[in-house]
Structures are given as structure tokens and as C-alpha cells.
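Asker: Just so it is clear, I am handing over protein_0.tsv, which has TSV, C-alpha atoms and all ligand atoms.
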chain	number	residue	atom	x	y	z
A	107	MET	CA	-9.06	-18.07	15.50
A	108	GLN	CA	-8.74	-15.11	17.75
A	109	LEU	CA	-10.25	-11.91	16.53
A	110	LYS	CA	-8.39	-9.01	18.04
A	111	ALA	CA	-11.25	-6.66	17.55
A	112	TYR	CA	-13.03	-4.35	15.30
A	113	PRO	CA	-15.16	-6.15	12.79
A	114	LEU	CA	-17.05	-3.53	10.82
A	115	TYR	CA	-19.96	-5.42	9.38
A	116	GLY	CA	-22.55	-4.54	6.85
A	117	PRO	CA	-24.25	-7.02	4.57
A	118	LYS	CA	-22.50	-5.63	1.51
A	119	LEU	CA	-19.05	-4.74	2.71
A	120	SER	CA	-17.24	-5.50	5.91
A	121	VAL	CA	-13.78	-5.39	7.34
A	122	ALA	CA	-12.14	-7.22	10.18
A	123	THR	CA	-8.78	-6.67	11.80
A	124	PHE	CA	-6.68	-9.55	13.05
A	125	PRO	CA	-3.41	-9.67	14.94
A	126	GLU	CA	-2.17	-12.35	12.56
A	127	ARG	CA	-3.68	-13.64	9.42
A	128	PRO	CA	-6.57	-15.83	10.53
A	129	GLY	CA	-7.13	-19.36	9.32
A	130	ARG	CA	-10.48	-18.98	7.63
A	131	TRP	CA	-10.68	-15.54	6.21
A	132	GLU	CA	-11.04	-16.17	2.53
A	133	THR	CA	-14.81	-16.42	2.09
A	134	ASN	CA	-15.90	-13.44	0.03
A	135	ALA	CA	-12.61	-11.69	0.77
A	136	LEU	CA	-11.79	-8.93	-1.71
A	137	GLY	CA	-8.45	-7.85	-0.37
A	138	THR	CA	-6.20	-7.43	2.62
A	139	PHE	CA	-3.86	-4.93	4.22
A	140	LEU	CA	-0.79	-6.23	6.01
A	141	PHE	CA	1.10	-3.85	8.24
A	142	SER	CA	4.36	-4.68	9.99
A	143	ALA	CA	7.85	-3.24	10.05
A	144	ASP	CA	8.98	-5.77	7.45
A	145	ALA	CA	5.70	-6.22	5.56
A	146	ALA	CA	7.07	-4.68	2.38
A	147	ASP	CA	9.88	-7.26	2.19
A	148	LYS	CA	7.86	-10.32	3.05
A	149	LYS	CA	7.35	-13.02	0.56
A	150	THR	CA	4.43	-14.69	2.26
A	151	SER	CA	4.52	-18.46	2.33
A	152	ALA	CA	1.38	-18.85	0.27
A	153	PRO	CA	1.12	-16.12	-2.38
A	154	CYS	CA	-2.09	-14.20	-1.88
A	155	ALA	CA	-4.77	-15.12	-4.37
A	156	ILE	CA	-6.49	-11.84	-3.64
A	157	PRO	CA	-4.89	-8.40	-3.64
A	158	CYS	CA	-2.73	-7.84	-0.60
A	159	MET	CA	-1.38	-4.45	0.31
A	160	ARG	CA	1.86	-4.83	2.25
A	161	VAL	CA	3.21	-1.68	3.82
A	162	ALA	CA	6.25	-1.23	6.06
A	163	LEU	CA	4.55	0.39	9.04
A	164	GLN	CA	5.25	-0.86	12.51
A	165	ARG	CA	2.34	-1.75	14.72
A	166	LEU	CA	2.60	0.15	18.00
A	167	ASP	CA	-0.08	-1.44	20.16
A	168	GLY	CA	1.25	-4.98	20.03
A	169	ASP	CA	3.80	-7.25	18.45
A	170	GLY	CA	3.76	-8.68	14.99
A	171	GLU	CA	1.59	-7.79	12.10
A	172	ILE	CA	-1.85	-6.34	11.70
A	173	CYS	CA	-3.99	-7.86	9.00
A	174	GLU	CA	-7.15	-6.19	7.82
A	175	VAL	CA	-9.45	-8.14	5.53
A	176	TRP	CA	-12.15	-6.52	3.44
A	177	HIS	CA	-15.06	-8.75	2.53
A	178	GLY	CA	-17.68	-8.25	-0.13
A	179	SER	CA	-21.03	-9.95	-0.40
A	180	GLY	CA	-20.74	-12.27	-3.34
A	181	GLN	CA	-18.43	-14.59	-5.19
A	182	PRO	CA	-15.26	-12.57	-5.82
A	183	THR	CA	-13.39	-12.52	-9.10
A	184	GLN	CA	-9.76	-11.48	-9.12
A	185	GLY	CA	-7.48	-10.37	-11.87
A	186	ARG	CA	-4.31	-8.55	-12.81
A	187	ARG	CA	-3.77	-5.74	-15.25
A	188	GLY	CA	-0.42	-4.04	-15.72
A	189	ASP	CA	0.92	-3.49	-12.20
A	190	LEU	CA	-2.51	-3.81	-10.62
A	191	HIS	CA	-4.01	-6.69	-8.70
A	192	TYR	CA	-7.75	-6.40	-8.16
A	193	CYS	CA	-10.74	-8.36	-6.94
A	194	HIS	CA	-14.42	-7.57	-7.21
A	195	ASP	CA	-17.92	-8.79	-6.55
A	196	ASP	CA	-20.99	-7.35	-8.25
A	197	GLU	CA	-20.84	-4.11	-6.31
A	198	VAL	CA	-17.33	-3.24	-5.21
A	199	LEU	CA	-13.81	-3.58	-6.50
A	200	PHE	CA	-10.72	-3.61	-4.30
A	201	GLY	CA	-7.31	-3.11	-5.89
A	202	VAL	CA	-3.67	-2.67	-5.02
A	203	ILE	CA	-0.72	-1.29	-6.94
A	204	ALA	CA	2.91	-1.08	-5.85
A	205	LEU	CA	5.31	0.81	-8.10
A	206	ARG	CA	9.02	1.33	-7.65
A	207	GLU	CA	10.45	4.69	-8.54
A	208	ARG	CA	12.86	4.74	-11.45
A	209	THR	CA	16.38	4.97	-10.18
A	210	ASP	CA	18.23	6.17	-13.29
A	211	ALA	CA	19.95	9.51	-12.99
A	212	SER	CA	18.34	11.27	-15.93
A	213	HIS	CA	15.96	13.38	-13.88
A	214	THR	CA	18.23	15.55	-11.88
A	215	GLU	CA	16.90	19.03	-12.52
A	216	GLN	CA	14.81	21.02	-10.10
A	217	ILE	CA	11.06	21.25	-10.41
A	218	SER	CA	10.13	24.69	-11.68
A	219	SER	CA	8.10	26.88	-9.38
A	220	THR	CA	5.08	26.70	-11.68
A	221	GLY	CA	4.88	23.05	-10.86
A	222	ALA	CA	5.46	21.98	-14.39
A	223	GLY	CA	8.61	19.97	-14.46
A	224	THR	CA	11.18	21.39	-16.81
A	225	GLY	CA	12.51	19.39	-19.70
A	226	THR	CA	12.07	15.74	-18.86
A	227	GLY	CA	11.48	17.13	-15.39
A	228	LYS	CA	8.98	14.75	-13.88
A	229	THR	CA	10.62	13.24	-10.85
A	230	PRO	CA	10.63	9.45	-10.42
A	231	LEU	CA	8.05	9.65	-7.63
A	232	GLN	CA	5.87	12.03	-9.64
A	233	GLN	CA	6.03	9.60	-12.57
A	234	ALA	CA	5.23	6.63	-10.35
A	235	ALA	CA	2.22	8.44	-8.87
A	236	GLU	CA	0.94	9.47	-12.27
A	237	SER	CA	1.42	5.99	-13.69
A	238	ALA	CA	-0.26	4.32	-10.71
A	239	TYR	CA	-3.30	6.60	-10.89
A	240	ARG	CA	-3.57	6.33	-14.67
A	241	GLN	CA	-3.58	2.56	-14.34
A	242	ILE	CA	-6.17	2.71	-11.57
A	243	PHE	CA	-8.51	5.01	-13.51
A	244	SER	CA	-8.24	3.02	-16.66
A	245	LEU	CA	-9.03	-0.20	-14.77
A	246	LEU	CA	-12.00	1.36	-12.99
A	247	ASP	CA	-13.41	2.78	-16.23
A	248	THR	CA	-12.93	-0.52	-18.07
A	249	MET	CA	-14.38	-2.69	-15.34
A	250	GLY	CA	-17.42	-0.49	-14.72
A	251	TYR	CA	-16.55	0.59	-11.17
A	252	PRO	CA	-15.72	4.19	-12.08
A	253	HIS	CA	-16.20	5.71	-8.62
A	254	PRO	CA	-13.41	5.45	-6.06
A	255	LEU	CA	-14.93	5.13	-2.58
A	256	ARG	CA	-11.63	5.36	-0.71
A	257	ILE	CA	-7.95	5.48	-1.66
A	258	TRP	CA	-4.97	4.74	0.63
A	259	ASN	CA	-1.55	6.09	-0.40
A	260	TYR	CA	1.76	5.02	1.18
A	261	ILE	CA	4.95	6.79	0.16
A	262	ALA	CA	8.45	6.02	1.39
A	263	ASP	CA	10.29	8.98	2.94
A	264	ILE	CA	7.25	11.21	2.46
A	265	ASN	CA	8.87	14.26	4.08
A	266	GLY	CA	12.19	13.83	2.28
A	267	HIS	CA	13.29	16.40	-0.26
A	268	SER	CA	14.65	15.75	-3.73
A	269	PHE	CA	14.72	17.74	-6.95
A	270	GLY	CA	14.03	20.83	-4.86
A	271	LEU	CA	10.63	19.66	-3.65
A	272	GLU	CA	9.27	17.63	-0.76
A	273	ARG	CA	8.37	14.15	-1.90
A	274	TYR	CA	4.73	14.45	-0.79
A	275	ARG	CA	4.42	17.48	-3.05
A	276	GLN	CA	5.94	15.54	-5.95
A	277	PHE	CA	3.36	12.84	-5.32
A	278	ASN	CA	0.58	15.45	-5.42
A	279	MET	CA	1.74	16.62	-8.84
A	280	GLY	CA	1.74	13.12	-10.32
A	281	ARG	CA	-1.60	12.25	-8.74
A	282	GLN	CA	-3.27	15.38	-10.04
A	283	ASP	CA	-1.83	14.93	-13.53
A	284	ALA	CA	-3.46	11.50	-13.72
A	285	PHE	CA	-6.83	12.92	-12.65
A	286	LEU	CA	-6.54	15.58	-15.36
A	287	ALA	CA	-5.40	13.07	-17.98
A	288	HIS	CA	-8.52	11.01	-17.32
A	289	GLU	CA	-10.75	14.08	-17.35
A	290	ARG	CA	-11.63	13.63	-13.73
A	291	LYS	CA	-12.42	16.55	-11.46
A	292	VAL	CA	-9.62	17.83	-9.23
A	293	VAL	CA	-11.91	20.14	-7.25
A	294	GLY	CA	-15.11	19.18	-5.49
A	295	ASN	CA	-16.01	15.66	-6.42
A	296	VAL	CA	-12.74	13.90	-5.52
A	297	PRO	CA	-12.12	10.68	-3.58
A	298	ALA	CA	-11.64	10.27	0.15
A	299	ALA	CA	-8.02	9.35	0.80
A	300	CYS	CA	-5.00	9.37	3.05
A	301	ALA	CA	-1.29	9.75	2.35
A	302	LEU	CA	1.24	8.41	4.83
A	303	GLY	CA	4.95	7.83	4.93
A	304	SER	CA	6.26	4.28	5.15
A	305	ALA	CA	9.73	3.38	6.32
A	306	HIS	CA	10.70	2.08	2.89
A	307	GLY	CA	9.26	0.22	-0.06
A	308	PRO	CA	7.57	1.13	-3.32
A	309	LEU	CA	4.78	3.66	-3.75
A	310	THR	CA	1.83	1.53	-2.64
A	311	ILE	CA	-1.80	2.41	-3.24
A	312	ALA	CA	-4.96	0.50	-2.35
A	313	PHE	CA	-8.45	1.48	-3.37
A	314	LEU	CA	-12.10	0.54	-3.11
A	315	ALA	CA	-14.38	1.55	-5.95
A	316	GLY	CA	-18.05	1.21	-6.73
A	317	ARG	CA	-20.58	1.47	-9.52
A	318	THR	CA	-22.34	4.54	-8.16
A	319	ALA	CA	-20.84	7.76	-6.89
A	320	PRO	CA	-20.46	8.16	-3.13
A	321	LEU	CA	-21.49	11.37	-1.44
A	322	LYS	CA	-18.46	13.63	-0.87
A	323	ILE	CA	-18.24	15.39	2.45
A	324	GLU	CA	-16.10	18.38	3.42
A	325	ASN	CA	-15.24	19.70	6.87
A	326	PRO	CA	-16.59	23.21	7.57
A	327	ARG	CA	-13.61	23.84	9.90
A	328	GLN	CA	-11.09	23.10	7.18
A	329	THR	CA	-10.23	24.55	3.82
A	330	SER	CA	-10.96	21.83	1.30
A	331	ALA	CA	-7.60	20.21	0.60
A	332	TYR	CA	-8.12	20.59	-3.14
A	333	LEU	CA	-8.17	24.35	-2.52
A	334	TYR	CA	-5.04	24.51	-0.34
A	335	PRO	CA	-2.94	27.52	-1.31
A	336	GLN	CA	0.43	27.28	-3.10
A	337	GLN	CA	2.44	27.41	0.12
A	338	TYR	CA	1.71	23.70	0.56
A	339	GLY	CA	3.06	22.82	-2.85
A	340	PRO	CA	2.60	23.63	-6.53
A	341	ARG	CA	-0.47	21.39	-6.78
A	342	SER	CA	-3.16	20.94	-4.18
A	343	PRO	CA	-3.77	17.45	-2.88
A	344	THR	CA	-6.69	15.75	-4.60
A	345	PHE	CA	-8.90	14.34	-1.85
A	346	SER	CA	-12.14	15.05	-0.01
A	347	ARG	CA	-12.57	14.88	3.76
A	348	ALA	CA	-14.94	11.91	3.69
A	349	SER	CA	-17.11	9.84	1.41
A	350	LEU	CA	-20.35	8.06	2.10
A	351	ALA	CA	-20.99	5.06	-0.10
A	352	GLN	CA	-24.32	3.35	-0.44
A	353	LEU	CA	-24.23	-0.39	-1.06
A	354	GLY	CA	-27.65	-1.97	-0.76
A	355	ASP	CA	-28.98	-0.90	2.62
A	356	ASP	CA	-25.47	-0.18	3.93
A	357	ARG	CA	-24.12	3.30	4.17
A	358	ILE	CA	-20.40	3.15	4.64
A	359	LEU	CA	-18.61	6.24	5.80
A	360	PHE	CA	-14.94	6.61	4.99
A	361	ILE	CA	-13.28	9.46	6.83
A	362	SER	CA	-10.05	10.50	5.13
A	363	GLY	CA	-6.81	10.91	6.99
A	364	THR	CA	-7.52	13.74	9.43
A	365	ALA	CA	-4.98	15.85	11.28
A	366	SER	CA	-4.57	18.98	13.36
A	367	VAL	CA	-5.32	21.31	10.47
A	368	VAL	CA	-7.81	24.17	10.81
A	369	GLY	CA	-8.44	26.37	7.81
A	370	HIS	CA	-5.33	25.28	5.97
A	371	ALA	CA	-2.86	25.79	8.81
A	372	THR	CA	-1.28	23.24	11.11
A	373	LEU	CA	-2.29	23.96	14.71
A	374	HIS	CA	-0.34	23.07	17.87
A	375	PRO	CA	3.07	22.19	16.38
A	376	GLY	CA	5.04	20.20	18.92
A	377	ASP	CA	2.02	19.48	21.17
A	378	VAL	CA	0.84	15.95	20.53
A	379	VAL	CA	-2.06	16.05	23.00
A	380	ALA	CA	-3.48	19.26	21.54
A	381	GLN	CA	-3.02	17.87	18.02
A	382	THR	CA	-4.94	14.74	18.98
A	383	ARG	CA	-7.76	16.81	20.46
A	384	GLU	CA	-7.90	19.08	17.39
A	385	THR	CA	-7.92	16.04	15.09
A	386	MET	CA	-10.86	14.60	17.00
A	387	THR	CA	-12.67	17.92	16.81
A	388	ASN	CA	-12.20	17.72	13.06
A	389	ILE	CA	-13.54	14.17	12.95
A	390	ARG	CA	-16.52	15.25	15.05
A	391	ALA	CA	-17.15	18.08	12.57
A	392	VAL	CA	-17.03	15.64	9.64
A	393	LEU	CA	-19.55	13.41	11.44
A	394	ALA	CA	-21.85	16.36	12.09
A	395	GLU	CA	-21.64	17.37	8.46
A	396	THR	CA	-22.34	13.77	7.38
A	397	ASN	CA	-25.38	13.53	9.65
A	398	ARG	CA	-26.63	16.85	8.35
A	399	ARG	CA	-26.32	15.61	4.77
A	400	ILE	CA	-28.20	12.38	5.47
A	401	SER	CA	-30.76	14.13	7.69
A	402	GLN	CA	-30.27	11.79	10.60
A	403	SER	CA	-28.05	11.61	13.62
A	404	GLY	CA	-26.64	8.35	12.39
A	405	PHE	CA	-22.91	8.43	13.01
A	406	ASP	CA	-21.24	9.03	16.34
A	407	LEU	CA	-17.61	8.83	17.54
A	408	PRO	CA	-17.98	5.43	19.28
A	409	ASP	CA	-19.29	3.88	16.02
A	410	LEU	CA	-16.06	4.52	14.21
A	411	HIS	CA	-13.20	2.14	13.56
A	412	TYR	CA	-10.00	4.13	13.83
A	413	ARG	CA	-6.61	3.71	12.26
A	414	VAL	CA	-4.17	5.99	14.05
A	415	TYR	CA	-0.87	6.90	12.43
A	416	VAL	CA	1.71	8.05	14.97
A	417	ARG	CA	4.90	9.81	13.89
A	418	HIS	CA	6.89	9.22	17.10
A	419	PRO	CA	6.27	5.87	18.84
A	420	ALA	CA	6.97	7.57	22.20
A	421	ASP	CA	3.74	9.59	21.74
A	422	LEU	CA	1.54	6.48	21.64
A	423	GLU	CA	0.26	6.57	25.22
A	424	GLN	CA	-0.59	10.26	25.17
A	425	ILE	CA	-2.46	9.87	21.90
A	426	ARG	CA	-4.29	6.77	23.09
A	427	THR	CA	-5.32	8.45	26.34
A	428	GLU	CA	-6.62	11.53	24.56
A	429	LEU	CA	-8.46	9.50	21.92
A	430	THR	CA	-10.10	7.38	24.63
A	431	HIS	CA	-11.14	10.54	26.42
A	432	CYS	CA	-12.63	12.09	23.25
A	433	VAL	CA	-14.51	8.94	22.27
A	434	GLY	CA	-15.76	8.38	25.81
A	435	GLY	CA	-14.56	4.80	26.16
A	436	THR	CA	-11.98	2.53	24.60
A	437	PRO	CA	-12.14	3.16	20.86
A	438	ARG	CA	-11.85	0.42	18.30
A	439	ALA	CA	-8.46	1.49	17.03
A	440	ILE	CA	-5.20	0.24	15.65
A	441	TYR	CA	-1.99	2.23	16.02
A	442	LEU	CA	0.77	2.29	13.43
A	443	GLN	CA	4.02	4.19	13.17
A	444	ALA	CA	3.97	6.37	10.07
A	445	ASP	CA	5.21	9.71	8.88
A	446	VAL	CA	2.55	12.29	8.16
A	447	CYS	CA	2.57	14.47	5.08
A	448	ARG	CA	3.49	17.74	6.81
A	449	SER	CA	6.59	17.58	8.98
A	450	ASP	CA	4.84	19.48	11.79
A	451	LEU	CA	1.96	17.00	12.03
A	452	LEU	CA	2.53	14.41	14.76
A	453	LEU	CA	-0.41	12.15	13.98
A	454	GLU	CA	-3.18	11.46	11.51
A	455	ILE	CA	-6.37	9.52	12.15
A	456	GLU	CA	-8.66	7.87	9.63
A	457	ALA	CA	-11.89	6.10	10.38
A	458	ALA	CA	-14.76	4.13	8.90
A	459	ALA	CA	-18.23	3.12	10.00
A	460	VAL	CA	-21.24	1.29	8.60
A	461	LEU	CA	-24.83	2.36	9.09
A	462	THR	CA	-27.51	-0.03	7.93
A	463	LEU	CA	-30.59	1.82	6.79
A	464	THR	CA	-33.87	0.96	8.37
A	465	SER	CA	-35.86	3.50	6.40
A	466	ALA	CA	-35.27	5.80	3.50
A	467	HIS	CA	-33.62	9.11	4.27
A	468	GLY	CA	-33.05	11.94	1.90
A	469	LEU	CA	-29.69	13.49	1.16
A	470	ARG	CA	-28.99	17.20	1.48
A	471	ASP	CA	-26.60	19.37	-0.47
A	501	LIG	C1	-4.38	17.24	5.62
A	501	LIG	O1	-5.43	17.50	6.19
A	501	LIG	C2	-3.58	16.08	6.16
A	501	LIG	O2	-2.90	13.73	0.19
A	501	LIG	O3	-4.40	12.16	0.07
A	501	LIG	C3	-4.94	13.80	4.75
A	501	LIG	C4	-5.70	12.96	3.93
A	501	LIG	C5	-3.80	14.38	4.25
A	501	LIG	C6	-5.31	12.71	2.61
A	501	LIG	C7	-3.79	13.04	0.70
A	501	LIG	C8	-3.41	14.12	2.93
A	501	LIG	C9	-4.16	13.29	2.11
A	501	LIG	O4	-3.95	17.92	4.67
A	501	LIG	C10	-2.93	15.26	5.11
Take the structure in this file and express it as C-alpha cells.
Ligand code: 3EB
Answerer:
Amino acid sequence: MQLKAYPLYGPKLSVATFPERPGRWETNALGTFLFSADAADKKTSAPCAIPCMRVALQRLDGDGEICEVWHGSGQPTQGRRGDLHYCHDDEVLFGVIALRERTDASHTEQISSTGAGTGTGKTPLQQAAESAYRQIFSLLDTMGYPHPLRIWNYIADINGHSFGLERYRQFNMGRQDAFLAHERKVVGNVPAACALGSAHGPLTIAFLAGRTAPLKIENPRQTSAYLYPQQYGPRSPTFSRASLAQLGDDRILFISGTASVVGHATLHPGDVVAQTRETMTNIRAVLAETNRRISQSGFDLPDLHYRVYVRHPADLEQIRTELTHCVGGTPRAIYLQADVCRSDLLLEIEAAAVLTLTSAHGLRD
């Protein structure tokens, strides 16, 4: 079995990325991500016993598929509930949901400017997002893993417009409605996440959740996304810039999708190198803020495992060169073609790292 790279190991939770699905990957595996141009259509030969998130995103730094496997630390138990497939050990739960949008023509009116759909006026994507998140929250509450550590959202045609509103903004409305319906906060204590555009396929969401709340981290250079003004849509996106989960002696940092946004504005439209540099400055700022909160200089750019979403495949080399320069060596990174949730953003980078505690450190507010 050839490991391409990038195992992120902690005793409690680890992830490894493979160019193809490896032979012996199932021990303690909680779930997998499969990315390839045709991943959403694939009926794999052996149906996955554990949750598998298949998203139609083309890998740019090699042929074939990328498979990422998340491992827990104990005997996993898997189950299904409604449209969800989940798997958990004693400490973490991984789940996947894929929901098609309704295709009937009964929802043709425009979204009103207040954001409340008129009449029946929830769009099919808004309904799918709300339903997916309601199912997720009800599973997490029932199973006793009420705290999302990280959520990944993939939306077909994310920048497309229908019903008078960009599809990403429709998604934001449905997502936020589900948070409100489950009496969850939509400001402040919200999950780390990303939202990317896939070539096609259903709304697909994967999530990791735990029994205790992770620390939520914001970026001092950026307006918190949950406070974005109305110009970015009737409802703000519900995510935090990073979360730091503690599992045993592991501290796992999940940095949300990060882009060339400062304050709330997109910087450097049309300039992919400057956007990459600005994105890395944002990631550096999130790391600094994380280290400040844990009172130690624990996390550094070379420790991170990066997933880089590239809008235009032709930009790959420029992005890779700039990322390598910022990290100061070849980063552990995978590159995927995806659309980003503002049409002027050319890339988005997410990252994760594990720090195993050697001594107790306090947390700061
Ligand atoms: C941004 O900074 C870029 O809607 O869940 C990044 C991470 C972005 C998560 C989400 C969106 C989301 O606004 C976009």
C-alpha cells in the first residue's frame, strides 16, 4: 500500500490521504471522503460499510481519486437514520448526508428581500439545506455528540442564480433556519466549516462531532462570517474561522475554508497570486489567535495539512508555488478543482493539525 502523504495522527483521531483507496484502511475507520471528477456517480464495487462522502471534484495534482480516511480510537459503530449515514466511537461521530433538491416546479417565485421566502417560497436548495441540518442536529442531540467539530458543505453550481438569489445564499438561509429551529446559536459559538461548489451531484455534507464543545476561534483580520452585512445575502453564513477540539491529550485544530477576504471584502479580484498570499496571511492570523488562546506557540504553518480548492485548474502552479513559498517548504497539501462561494474568489484553503499535549495549558478568552 502506497501512502501518498499526509497522515495526521493523534491517538484519538487521525486522518490519512491516499491516491487510491488502500487495501487495509478499515481498522477504526469512522468515515471517508472520496474526491474525483466522477465520484458522485460512482457505485463503488463494495458498498462502503462506513460513511463515505463522494463529491464530484477533480483532483488537480495527479490522476484518479483522492481518498481521505478518518480514524477514531476505538471500535466503531455505524448506523443510518433518515438520509444520514454515521459512524462513531466513544468520543467522536462522523456522518454524511447527501440530499437531492426537489425538482418539481411549484417553487418558482422570487425570494423576498427580507430573506423570508414568500408563500411556499423556500427554494429547493434552501429546503435541502434546512432538512440536512435538521437531520444532523437531531442525530447529534439523540446520540449524545451535540457539538459539531467541523462541517464540510458541497453544493452543485454554488455560484448559479435561481429564484432571484445566488445558490450559496439560498443555502445560507436553509442552514441558518435549521440552527434556529434547533435553538442553536447563529452568532458566536458556531461550527468551523467550508462551503464549496461541486461540478454536479446532490447537496453533500460531512461532519465530525464530539461530546464536549470545541473552542471557537475567529480571525482578527476578518469580520466574523456570522456578522457579514446584508450585501452578501439575506442571511449571514453560520460558521466560525476555526475550532480546536480536545480529545484525550490531542488538540485538533480545524481551520475553516479560508480565502482572500479581509474585513468582509474580497481583496485582489483577478490576481490569484495575491489572493493566495492574502489567504495564507489569514491562516497565519488564525494560527496566531489559536496559539494566543492556548497560551503556547503550538501550531505553525508547516504543521498543517492543507486542502486547496482551486477555481481555475490553470491557476494550480501559481497557487502551489505561492503556498510553498509561504509555508517555507513543500506543504502537505491536496489540490482539488472547486468553485468558491463568491464568484470573485479564485481559491479557498482549509487546513487541520494535531497537537498532542505534553503538559496542561490554560485557555484564554
Ligand atoms: C469566506 O471567508 C469564504 O459558508 O460555511 C469559508 C468557510 C466560506 C465556510 C461557509 C464559507 C463557509 O466567507 C467562504
Asker: Taking all atoms listed in the file and a cut-off of 8 Å, can you tell me which residues surround ligand LIG 501 (chain A), written as a PyMOL selection string?
Answerer: chain A and resi 257-259+274+278+298-302+331+343-347+362-367+370+446-448+454
Asker: Would you mind listing what lies within 10 Å of Pro254 (chain A) as JSON, numbers by chain, with only C-alpha atoms counted and same-chain residues fewer than 2 positions away left out?
Answerer: {"A": [198, 199, 200, 242, 243, 246, 251, 252, 256, 257, 296, 297, 298, 299, 313, 314, 315, 316, 317, 318, 319, 320, 349, 351]}
Asker: Which residue, A:Ala457, A:Gly435, A:His191, A:Leu373, has the smallest gap to Phe360 (chain A) when you use all atoms listed in the file?
Answerer: A:Ala457
Asker: Kindly give the distance, in Å, that separates CA of Arg273 (chain A) and CA of Gln381 (chain A), rounded to a single decimal.
Answerer: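 Pair CA of Arg273 (chain A) / CA of Gln381 (chain A) returns 23.2 Å.
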Asker: Which is closest to Gln276 (chain A) among A:Thr248, A:Thr229, A:His288, A:Ala238, if we use all atoms listed in the file?
Answerer: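 With all atoms listed in the file as the atom set, the closest residue is A:Thr229.
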Asker: Output as JSON lines one row per residue of region 234-340 of chain A within 12 Å of region 384-387 of chain A: the closest atom pair and its distance in Å to one decimal place, counting all atoms listed in the file, sorted by chain and residue number ascending.
Answerer:
{"residue": "A:Asn325", "atom": "CA", "partner": "A:Thr387", "partner_atom": "CA", "distance": 10.4}
{"residue": "A:Pro326", "atom": "CA", "partner": "A:Thr387", "partner_atom": "CA", "distance": 11.3}
{"residue": "A:Arg327", "atom": "CA", "partner": "A:Thr387", "partner_atom": "CA", "distance": 9.1}
{"residue": "A:Gln328", "atom": "CA", "partner": "A:Thr387", "partner_atom": "CA", "distance": 11.0}
Asker: One decimal, in Å: what's the spacing between CA of Leu452 (chain A) and CA of Ala348 (chain A)?
Answerer: 20.8 Å
Asker: Name the closest residue to Thr462 (chain A) among the candidates A:Val379, A:Ala287, A:Leu359, A:Ile440; distances are taken between atoms, counting only C-alpha atoms.
Answerer: A:Leu359
Asker: Expressed in Å to a single decimal, how great is the separation between CA of Thr133 (chain A) and CA of His411 (chain A)?
Answerer: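 Separation of CA of Thr133 (chain A) and CA of His411 (chain A): 21.9 Å.
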Asker: Compare A:Arg160, A:Arg417, A:Arg165, A:Arg341 by their minimum atom-to-atom distance to Leu442 (chain A), counting all atoms listed in the file, and give me the closest one.
Answerer: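 Closest candidate: A:Arg165.
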Asker: Got a sec: who's within 6 Å of Ser142 (chain A), counting only C-alpha atoms, leaving out chain neighbours fewer than 5 positions off, as a PyMOL selection string?
Answerer: chain A and resi 162-165+171
Asker: Need to verify the contact set: Cys158 (chain A), 7 Å, all atoms listed in the file, exclusion of same-chain residues closer than 5 positions in sequence. Can you return it as a PDB file with C-alpha atoms, in the frame of the given file?
Answerer:
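Listed below is the output, result04.pdb:
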ATOM      1  CA  GLY A 137      -8.450  -7.850  -0.370  1.00  0.00           C
ATOM      2  CA  THR A 138      -6.200  -7.430   2.620  1.00  0.00           C
ATOM      3  CA  PHE A 139      -3.860  -4.930   4.220  1.00  0.00           C
ATOM      4  CA  VAL A 202      -3.670  -2.670  -5.020  1.00  0.00           C
TER       5      VAL A 202
END
Asker: Around (0.2, 17.2, -7.6), as given in the file, which residues come within 10 Å? Count all atoms listed in the file and list them as an MDAnalysis selection string.
Answerer: chainID A and resid 221:222 232 235:236 274:285 292 339:344
